[in-house]
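K.L.:
Before we start, here is the structure in question, set down as structure tokens.
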Amino acid sequence: MGHAPTILSDGPSRSRVTISDVADALNLTKSTVSRALNGYPDISKSTQLRVKRMAERMNYQPLSHAQAIKTGRTRSLGFVLQLADHDAQRPFLAEFLAGLSAGSTAQGYTLTVASADSEAHLIETFRTLLRDRKADGFILPRAMVNDPRVELLRAANVPFVLFGRQADPKGCCWFDIRGEDAMQEAVMHLSELGHSRIGFINGGTIYSYAKLRGEGFRAGMAQAGLAVDLDLIRENAVTMDDGREAAASLLDMAYPPTAIVCAVDQVALGVYRAAADREITIGRDLSVVGYDGIQEGAHAQPPLTTFAVDTRAAGVELATLLVKCIRGEPSEDLRKTANAAFVRRGSTGPCIDH
């Protein structure tokens with residue numbers, strides 16, 4: 001027979017360290033220690049660091065359920081995946097979720113992920129999560145012009161952070177990539193290659209990014225001293241098929257563009273298909289610029305010139321901002337933007353007059 005398990009004494013030396021023990025060791029109040037451990041902005045950074053170091057040294061582990069009862073917080077960040085989105089299953093989503101998870105963990109939070117397969121189900125899912133107190137705040141991907149998620153969370157006075165921006169910033173924290181600057185840079189790149197007849201295929205106009213990228217395209221044309229031809233602009237293209245259809249209408253014009261800027265990489269790859277249908281060579285007869293930096297663009301022939309977005313880093317940043325919002329920092333101090341990285345490849349080249 002095997003030996004019985006060894007039972008260790010549960011005397012005073014092995015009792016669980018409490019927040020009172022940490023407070024006594026530092027000669028601070030329990031309230032100060034609690035607020036320092038939870039990162040409240042009214043506690044100085046030096047005190048927060050001192051408390052956290054002592055807690056680690058004493059092996060203090062808060063009871064999550066007790067904290068939830070005491071503070072009304074779950075120490076969880078919520079994210080609702082919209083399955084109906086055109087790119088909900090794309091590989092970059094895994095990177096984005098990895099970033100959200102890493103950012104949450106770094107702040108001492110977990111990530112709660114739910115899903116919804118329609119807009120009606122989306123709002124219902126948010127209401128259920130709010131009712132059941134599953135999260136202290138929410139990350140909202142792909143900000144919309146009229147965003148029902150924002151309206152719901154504002155009304156419920158629940159913290160949230162947008163991946164994107166809002167025209168009405170009241171109560172909004174956000175992190176966004178400056179797609180408008182990328183579109184402006186794309187036009188300047190093409191202009192420097194000698195292109196003057198430049199088309200633009202924008203994304204879904206329900207999303208905030210489309211307006212911004214449209215403004216960036218126009219700013220680039222103005223900077224290059226080029227007139228915007230409205231006949232060369234298409235909108236509401238988000239998939240490869242959308243891009244193929246929009247590009248077909250541009251390439252079949254009597255005087256087609258020599259270059260096309262696309263607000264979305266998937267759309268740019270649709271332009272490739274429309275060009276192939278017409279035996280137009282990308283990079284020689286037609287220059288194409290995309291935006292997102294998806295892997296399919298790198299493997300296209302020729303590889304797609306684009307603006308790459310670090311979606312994992314974006315996830316980390318969003319989680320970090322949301323925790324700061326939950327801890328009471330003003331929303332106007334929690335708005336950040338970053339730039340996409342220009343990746344020049346073979347899909348852009350000098351203009352050849354038709």
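Ordered as shown in the structure tokens, chains take letters A, B, and onward, while each chain numbers its residues from 1 and ligands are numbered from 1 in the order shown.
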Find the residues near segment 89-104 of chain A: any atom within 10 Å, counting only C-alpha atoms, skip ones fewer than 2 places away on the same chain, and give them as a PyMOL selection string.
P.N.:
chain A and resi 75-79+81-87+106-113+139+141+292-295+309-323
K.L.:
Could you take the residues named above and write them with C-alpha atoms, as a compact mmCIF listing (two decimals), in the first residue's frame?
P.N.:
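Saved result, again_0.txt, follows:
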# COMPACT_ATOMS: atom_id res chain seq x y z
CA ARG A 75 -11.66 42.39 -12.16
CA SER A 76 -12.67 41.27 -15.64
CA LEU A 77 -12.70 43.15 -18.95
CA GLY A 78 -15.45 42.33 -21.44
CA PHE A 79 -15.17 41.83 -25.19
CA LEU A 81 -16.97 39.27 -30.75
CA GLN A 82 -19.33 40.17 -33.61
CA LEU A 83 -19.52 37.00 -35.69
CA ALA A 84 -21.47 38.73 -38.47
CA ASP A 85 -18.52 41.04 -39.22
CA HIS A 86 -16.91 40.49 -42.60
CA ASP A 87 -13.56 39.63 -41.03
CA ALA A 106 -0.60 42.73 -16.88
CA GLN A 107 -3.16 44.88 -15.05
CA GLY A 108 -4.35 42.03 -12.83
CA TYR A 109 -7.57 41.48 -14.78
CA THR A 110 -9.03 38.60 -16.75
CA LEU A 111 -10.67 38.84 -20.18
CA THR A 112 -14.27 37.72 -20.61
CA VAL A 113 -15.16 37.02 -24.25
CA ILE A 139 -13.47 46.94 -25.19
CA PRO A 141 -13.69 47.08 -31.59
CA ASP A 292 -4.08 46.68 -42.63
CA GLY A 293 -0.94 44.65 -43.30
CA ILE A 294 -2.64 41.24 -43.56
CA GLN A 295 -0.50 38.23 -44.49
CA VAL A 309 -1.17 47.72 -38.09
CA ASP A 310 0.20 45.94 -35.01
CA THR A 311 -3.09 44.48 -33.77
CA ARG A 312 -1.50 42.72 -30.80
CA ALA A 313 0.01 45.97 -29.51
CA ALA A 314 -3.36 47.64 -30.06
CA GLY A 315 -5.03 45.00 -27.88
CA VAL A 316 -2.53 45.58 -25.07
CA GLU A 317 -3.03 49.35 -25.28
CA LEU A 318 -6.83 49.07 -25.21
CA ALA A 319 -6.84 46.81 -22.15
CA THR A 320 -4.43 49.15 -20.34
CA LEU A 321 -6.54 52.23 -21.09
CA LEU A 322 -9.75 50.50 -20.01
CA VAL A 323 -8.32 49.54 -16.61
K.L.:
With a distance cut-off of 10 Å and only C-alpha atoms, select the neighbouring residues of Ser31 of chain A, excluding the residue or stretch itself and same-chain residues fewer than 6 positions from it, and output the selection as a ChimeraX atom specification.
P.N.:
/A:19-20,23,37
K.L.:
The selected residues should be written to file as an mmCIF file, in the first residue's frame (atoms: N, CA and C atoms).
P.N.:
data_model
loop_
_atom_site.group_PDB
_atom_site.id
_atom_site.type_symbol
_atom_site.label_atom_id
_atom_site.label_comp_id
_atom_site.auth_asym_id
_atom_site.auth_seq_id
_atom_site.Cartn_x
_atom_site.Cartn_y
_atom_site.Cartn_z
ATOM 1 N N ILE A 19 -4.860 41.698 4.172
ATOM 2 C CA ILE A 19 -4.530 43.079 3.809
ATOM 3 C C ILE A 19 -4.147 43.874 5.050
ATOM 4 N N SER A 20 -4.687 43.482 6.207
ATOM 5 C CA SER A 20 -4.328 44.138 7.470
ATOM 6 C C SER A 20 -2.863 43.900 7.799
ATOM 7 N N ALA A 23 -0.863 46.212 5.656
ATOM 8 C CA ALA A 23 -1.025 47.584 6.158
ATOM 9 C C ALA A 23 -0.186 47.805 7.415
ATOM 10 N N LEU A 37 -3.063 48.834 -4.192
ATOM 11 C CA LEU A 37 -3.032 47.562 -4.921
ATOM 12 C C LEU A 37 -3.924 47.580 -6.141
#
K.L.:
Nearest to Ala219 of chain A: which of A:Ala246, A:Ala186, A:Met54, A:Ala114 is it, counting only C-alpha atoms?
P.N.:
A:Ala186
K.L.:
Can you tell me how far atom CA of Ala55 of chain A sits from atom CA of Cys325 of chain A, in Å to one decimal?
P.N.:
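Between atom CA of Ala55 of chain A and atom CA of Cys325 of chain A the gap is 24.0 Å.
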K.L.:
Taking into account only C-alpha atoms, which residue in the set A:Leu232, A:Ala227, A:Ile177, A:Val33 is nearest to Ser249 of chain A?
P.N.:
A:Leu232
K.L.:
Compile the contact shell of segment 151-159 of chain A as a PDB file with N, CA and C atoms, in the first residue's frame: residues with an atom at most 7 Å away, counting only C-alpha atoms, same-chain residues fewer than 2 positions apart removed.
P.N.:
ATOM      1  N   GLY A 137     -15.834  46.647 -17.366  1.00  0.00           N
ATOM      2  CA  GLY A 137     -15.794  47.565 -18.495  1.00  0.00           C
ATOM      3  C   GLY A 137     -15.633  46.769 -19.775  1.00  0.00           C
ATOM      4  N   PHE A 138     -15.745  47.455 -20.914  1.00  0.00           N
ATOM      5  CA  PHE A 138     -15.769  46.744 -22.188  1.00  0.00           C
ATOM      6  C   PHE A 138     -14.843  47.379 -23.218  1.00  0.00           C
ATOM      7  N   ASP A 147     -23.095  54.429 -32.837  1.00  0.00           N
ATOM      8  CA  ASP A 147     -22.718  53.169 -32.193  1.00  0.00           C
ATOM      9  C   ASP A 147     -23.672  52.823 -31.051  1.00  0.00           C
ATOM     10  N   PRO A 148     -24.522  51.807 -31.241  1.00  0.00           N
ATOM     11  CA  PRO A 148     -25.478  51.454 -30.175  1.00  0.00           C
ATOM     12  C   PRO A 148     -24.793  50.950 -28.908  1.00  0.00           C
ATOM     13  N   ARG A 149     -23.592  50.402 -29.033  1.00  0.00           N
ATOM     14  CA  ARG A 149     -22.856  49.936 -27.851  1.00  0.00           C
ATOM     15  C   ARG A 149     -22.464  51.119 -26.969  1.00  0.00           C
ATOM     16  N   CYS A 325      -9.434  53.651 -16.990  1.00  0.00           N
ATOM     17  CA  CYS A 325     -10.775  54.247 -16.974  1.00  0.00           C
ATOM     18  C   CYS A 325     -11.593  53.688 -15.808  1.00  0.00           C
ATOM     19  N   ILE A 326     -11.538  52.383 -15.613  1.00  0.00           N
ATOM     20  CA  ILE A 326     -12.257  51.736 -14.511  1.00  0.00           C
ATOM     21  C   ILE A 326     -11.791  52.294 -13.170  1.00  0.00           C
TER      22      ILE A 326
END
K.L.:
Identify which of the residues A:Leu334, A:Leu26, A:Met144, A:Ile43 lies closest to Phe175 of chain A, counting only C-alpha atoms when measuring atom-to-atom distances.
P.N.:
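Selected residue with least distance to Phe175 of chain A: A:Leu334.
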K.L.:
Counting only C-alpha atoms, what is within 10 Å of Ala275 of chain A, bar same-chain residues fewer than 3 positions away, as a list in words?
P.N.:
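Counting only C-alpha atoms, the residues come to Arg244, Ala247, Ala248, Leu251, Leu269, Gly270, Val271, Tyr272, Arg278, Glu279, Ile280, Thr281, Ile282, Asp285 and Leu286 of chain A.
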K.L.:
Output N, CA and C atoms of each residue in that selection to a file, as a PDB file, in the first residue's frame.
P.N.:
ATOM      1  N   ARG A 244     -13.323  43.730 -55.908  1.00  0.00           N
ATOM      2  CA  ARG A 244     -13.322  43.324 -57.313  1.00  0.00           C
ATOM      3  C   ARG A 244     -14.398  44.088 -58.098  1.00  0.00           C
ATOM      4  N   ALA A 247     -13.459  47.908 -58.278  1.00  0.00           N
ATOM      5  CA  ALA A 247     -12.355  48.117 -59.217  1.00  0.00           C
ATOM      6  C   ALA A 247     -12.797  47.908 -60.653  1.00  0.00           C
ATOM      7  N   ALA A 248     -13.686  46.942 -60.879  1.00  0.00           N
ATOM      8  CA  ALA A 248     -14.182  46.703 -62.240  1.00  0.00           C
ATOM      9  C   ALA A 248     -14.834  47.954 -62.798  1.00  0.00           C
ATOM     10  N   LEU A 251     -11.975  50.411 -63.617  1.00  0.00           N
ATOM     11  CA  LEU A 251     -11.092  50.013 -64.708  1.00  0.00           C
ATOM     12  C   LEU A 251     -11.799  49.969 -66.054  1.00  0.00           C
ATOM     13  N   LEU A 269      -6.957  43.370 -52.538  1.00  0.00           N
ATOM     14  CA  LEU A 269      -6.778  42.064 -53.176  1.00  0.00           C
ATOM     15  C   LEU A 269      -7.902  41.783 -54.169  1.00  0.00           C
ATOM     16  N   GLY A 270      -9.063  42.367 -53.936  1.00  0.00           N
ATOM     17  CA  GLY A 270     -10.138  42.300 -54.920  1.00  0.00           C
ATOM     18  C   GLY A 270      -9.793  43.078 -56.180  1.00  0.00           C
ATOM     19  N   VAL A 271      -9.071  44.199 -56.010  1.00  0.00           N
ATOM     20  CA  VAL A 271      -8.586  44.973 -57.164  1.00  0.00           C
ATOM     21  C   VAL A 271      -7.660  44.103 -58.004  1.00  0.00           C
ATOM     22  N   TYR A 272      -6.825  43.304 -57.356  1.00  0.00           N
ATOM     23  CA  TYR A 272      -5.940  42.390 -58.090  1.00  0.00           C
ATOM     24  C   TYR A 272      -6.766  41.492 -59.013  1.00  0.00           C
ATOM     25  N   ARG A 278      -8.842  41.592 -66.581  1.00  0.00           N
ATOM     26  CA  ARG A 278      -8.667  42.489 -67.732  1.00  0.00           C
ATOM     27  C   ARG A 278      -7.229  42.467 -68.262  1.00  0.00           C
ATOM     28  N   GLU A 279      -6.449  41.512 -67.783  1.00  0.00           N
ATOM     29  CA  GLU A 279      -5.045  41.365 -68.188  1.00  0.00           C
ATOM     30  C   GLU A 279      -4.250  42.649 -67.948  1.00  0.00           C
ATOM     31  N   ILE A 280      -4.561  43.277 -66.819  1.00  0.00           N
ATOM     32  CA  ILE A 280      -3.832  44.470 -66.373  1.00  0.00           C
ATOM     33  C   ILE A 280      -2.807  44.025 -65.338  1.00  0.00           C
ATOM     34  N   THR A 281      -1.572  44.415 -65.496  1.00  0.00           N
ATOM     35  CA  THR A 281      -0.504  43.986 -64.598  1.00  0.00           C
ATOM     36  C   THR A 281      -0.350  44.961 -63.438  1.00  0.00           C
ATOM     37  N   ILE A 282      -0.569  44.443 -62.213  1.00  0.00           N
ATOM     38  CA  ILE A 282      -0.407  45.258 -61.009  1.00  0.00           C
ATOM     39  C   ILE A 282       1.068  45.613 -60.840  1.00  0.00           C
ATOM     40  N   ASP A 285       1.003  48.332 -64.943  1.00  0.00           N
ATOM     41  CA  ASP A 285      -0.104  49.065 -65.580  1.00  0.00           C
ATOM     42  C   ASP A 285      -0.979  49.784 -64.550  1.00  0.00           C
ATOM     43  N   LEU A 286      -1.011  49.259 -63.357  1.00  0.00           N
ATOM     44  CA  LEU A 286      -1.880  49.807 -62.306  1.00  0.00           C
ATOM     45  C   LEU A 286      -1.178  49.657 -60.958  1.00  0.00           C
TER      46      LEU A 286
END
K.L.:
For the structure I just gave you, how does DSSP split segment 12-193 of chain A - specifically, which residues are strand (DSSP E or B)? Reply as a list in words.
P.N.:
Ser76, Leu77, Gly78, Phe79, Val80, Leu81, Gln82, Thr110, Leu111, Thr112, Val113, Ala114, Ser115, Ala116, Gly137, Phe138, Ile139, Leu140, Met144, Phe160, Val161, Leu162, Phe163, Cys173, Trp174, Phe175, Asp176 and Ile177 of chain A
K.L.:
Residues of the last selection are to be written out with N, CA and C atoms, as a short mmCIF file (atom, residue, chain, number, x, y, z; two decimals), in the first residue's frame.
P.N.:
data_model
loop_
_atom_site.label_atom_id
_atom_site.label_comp_id
_atom_site.auth_asym_id
_atom_site.auth_seq_id
_atom_site.Cartn_x
_atom_site.Cartn_y
_atom_site.Cartn_z
N SER A 76 -12.61 41.88 -14.31
CA SER A 76 -12.67 41.27 -15.64
C SER A 76 -13.02 42.34 -16.65
N LEU A 77 -12.39 42.25 -17.84
CA LEU A 77 -12.70 43.15 -18.95
C LEU A 77 -13.52 42.38 -19.98
N GLY A 78 -14.56 43.01 -20.51
CA GLY A 78 -15.45 42.33 -21.44
C GLY A 78 -15.16 42.66 -22.89
N PHE A 79 -15.34 41.66 -23.74
CA PHE A 79 -15.17 41.83 -25.19
C PHE A 79 -16.21 40.97 -25.88
N VAL A 80 -17.02 41.59 -26.74
CA VAL A 80 -18.04 40.85 -27.48
C VAL A 80 -17.62 40.75 -28.94
N LEU A 81 -17.37 39.54 -29.38
CA LEU A 81 -16.97 39.27 -30.75
C LEU A 81 -18.21 39.26 -31.65
N GLN A 82 -18.19 40.08 -32.69
CA GLN A 82 -19.33 40.17 -33.61
C GLN A 82 -19.10 39.21 -34.78
N THR A 110 -8.80 39.66 -15.79
CA THR A 110 -9.03 38.60 -16.75
C THR A 110 -9.83 39.18 -17.92
N LEU A 111 -9.91 38.42 -19.00
CA LEU A 111 -10.67 38.84 -20.18
C LEU A 111 -11.86 37.91 -20.35
N THR A 112 -13.05 38.48 -20.38
CA THR A 112 -14.27 37.72 -20.61
C THR A 112 -14.73 37.96 -22.04
N VAL A 113 -14.79 36.90 -22.84
CA VAL A 113 -15.16 37.02 -24.25
C VAL A 113 -16.52 36.37 -24.49
N ALA A 114 -17.42 37.11 -25.11
CA ALA A 114 -18.72 36.59 -25.52
C ALA A 114 -18.83 36.81 -27.02
N SER A 115 -19.89 36.30 -27.64
CA SER A 115 -20.06 36.47 -29.08
C SER A 115 -21.51 36.79 -29.40
N ALA A 116 -21.71 37.43 -30.55
CA ALA A 116 -23.05 37.76 -31.03
C ALA A 116 -23.07 37.63 -32.54
N GLY A 137 -15.83 46.65 -17.37
CA GLY A 137 -15.79 47.57 -18.50
C GLY A 137 -15.63 46.77 -19.77
N PHE A 138 -15.74 47.45 -20.91
CA PHE A 138 -15.77 46.74 -22.19
C PHE A 138 -14.84 47.38 -23.22
N ILE A 139 -14.24 46.52 -24.02
CA ILE A 139 -13.47 46.94 -25.19
C ILE A 139 -14.39 46.86 -26.39
N LEU A 140 -14.52 47.94 -27.15
CA LEU A 140 -15.41 47.99 -28.31
C LEU A 140 -14.58 48.10 -29.58
N MET A 144 -18.28 52.61 -34.56
CA MET A 144 -19.26 52.97 -35.59
C MET A 144 -19.65 54.44 -35.48
N PHE A 160 -15.87 52.05 -20.84
CA PHE A 160 -15.57 51.36 -22.10
C PHE A 160 -14.45 52.08 -22.81
N VAL A 161 -13.78 51.35 -23.71
CA VAL A 161 -12.74 51.94 -24.54
C VAL A 161 -12.99 51.49 -25.98
N LEU A 162 -12.84 52.41 -26.90
CA LEU A 162 -13.08 52.14 -28.32
C LEU A 162 -11.78 51.88 -29.06
N PHE A 163 -11.83 50.92 -29.98
CA PHE A 163 -10.76 50.82 -30.98
C PHE A 163 -11.28 51.62 -32.17
N CYS A 173 -13.20 56.78 -23.97
CA CYS A 173 -11.77 56.54 -24.04
C CYS A 173 -11.53 55.82 -25.36
N TRP A 174 -10.36 56.00 -25.94
CA TRP A 174 -10.09 55.27 -27.18
C TRP A 174 -8.61 55.13 -27.48
N PHE A 175 -8.35 54.12 -28.31
CA PHE A 175 -7.05 53.98 -28.95
C PHE A 175 -7.36 53.75 -30.42
N ASP A 176 -6.62 54.43 -31.29
CA ASP A 176 -6.89 54.28 -32.72
C ASP A 176 -5.60 54.45 -33.50
N ILE A 177 -5.59 53.83 -34.67
CA ILE A 177 -4.50 54.02 -35.63
C ILE A 177 -4.94 55.11 -36.60
#
K.L.:
Enter the distance from atom CA of Glu235 of chain A to atom CA of Ala259 of chain A, in Å, rounded to one decimal.
P.N.:
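Separating atom CA of Glu235 of chain A from atom CA of Ala259 of chain A is a distance of 16.3 Å.
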K.L.:
Quick one: of A:Lys324, A:Arg344, A:Arg273, A:Lys45, who's nearest to Pro303 of chain A, counting only C-alpha atoms?
P.N.:
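Smallest separation from Pro303 of chain A among the options: A:Arg344.
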K.L.:
Residues at most 12 Å from Val51 of chain A, counting only C-alpha atoms, excluding those fewer than 2 positions away in the same chain, as number ranges by chain?
P.N.:
A: 19, 21-39, 43-49, 53-60
K.L.:
Skip Thr205 of chain A itself and residues of its chain fewer than 6 positions away, then list as a count of residues only all residues within 12 Å of it, counting only C-alpha atoms.
P.N.:
15
K.L.:
Which one is closest to Cys351 of chain A: A:Pro169, A:Gly283, A:Gly225, A:Gly164? Count only C-alpha atoms.
P.N.:
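Smallest distance to Cys351 of chain A is found for A:Gly283.
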K.L.:
Which is closest to Ala300 of chain A among A:Glu185, A:Asp265, A:Glu332, A:Asp117, if we use only C-alpha atoms?
P.N.:
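Going through A:Glu185, A:Asp265, A:Glu332, A:Asp117 one by one, the smallest distance to Ala300 of chain A is for A:Asp265.
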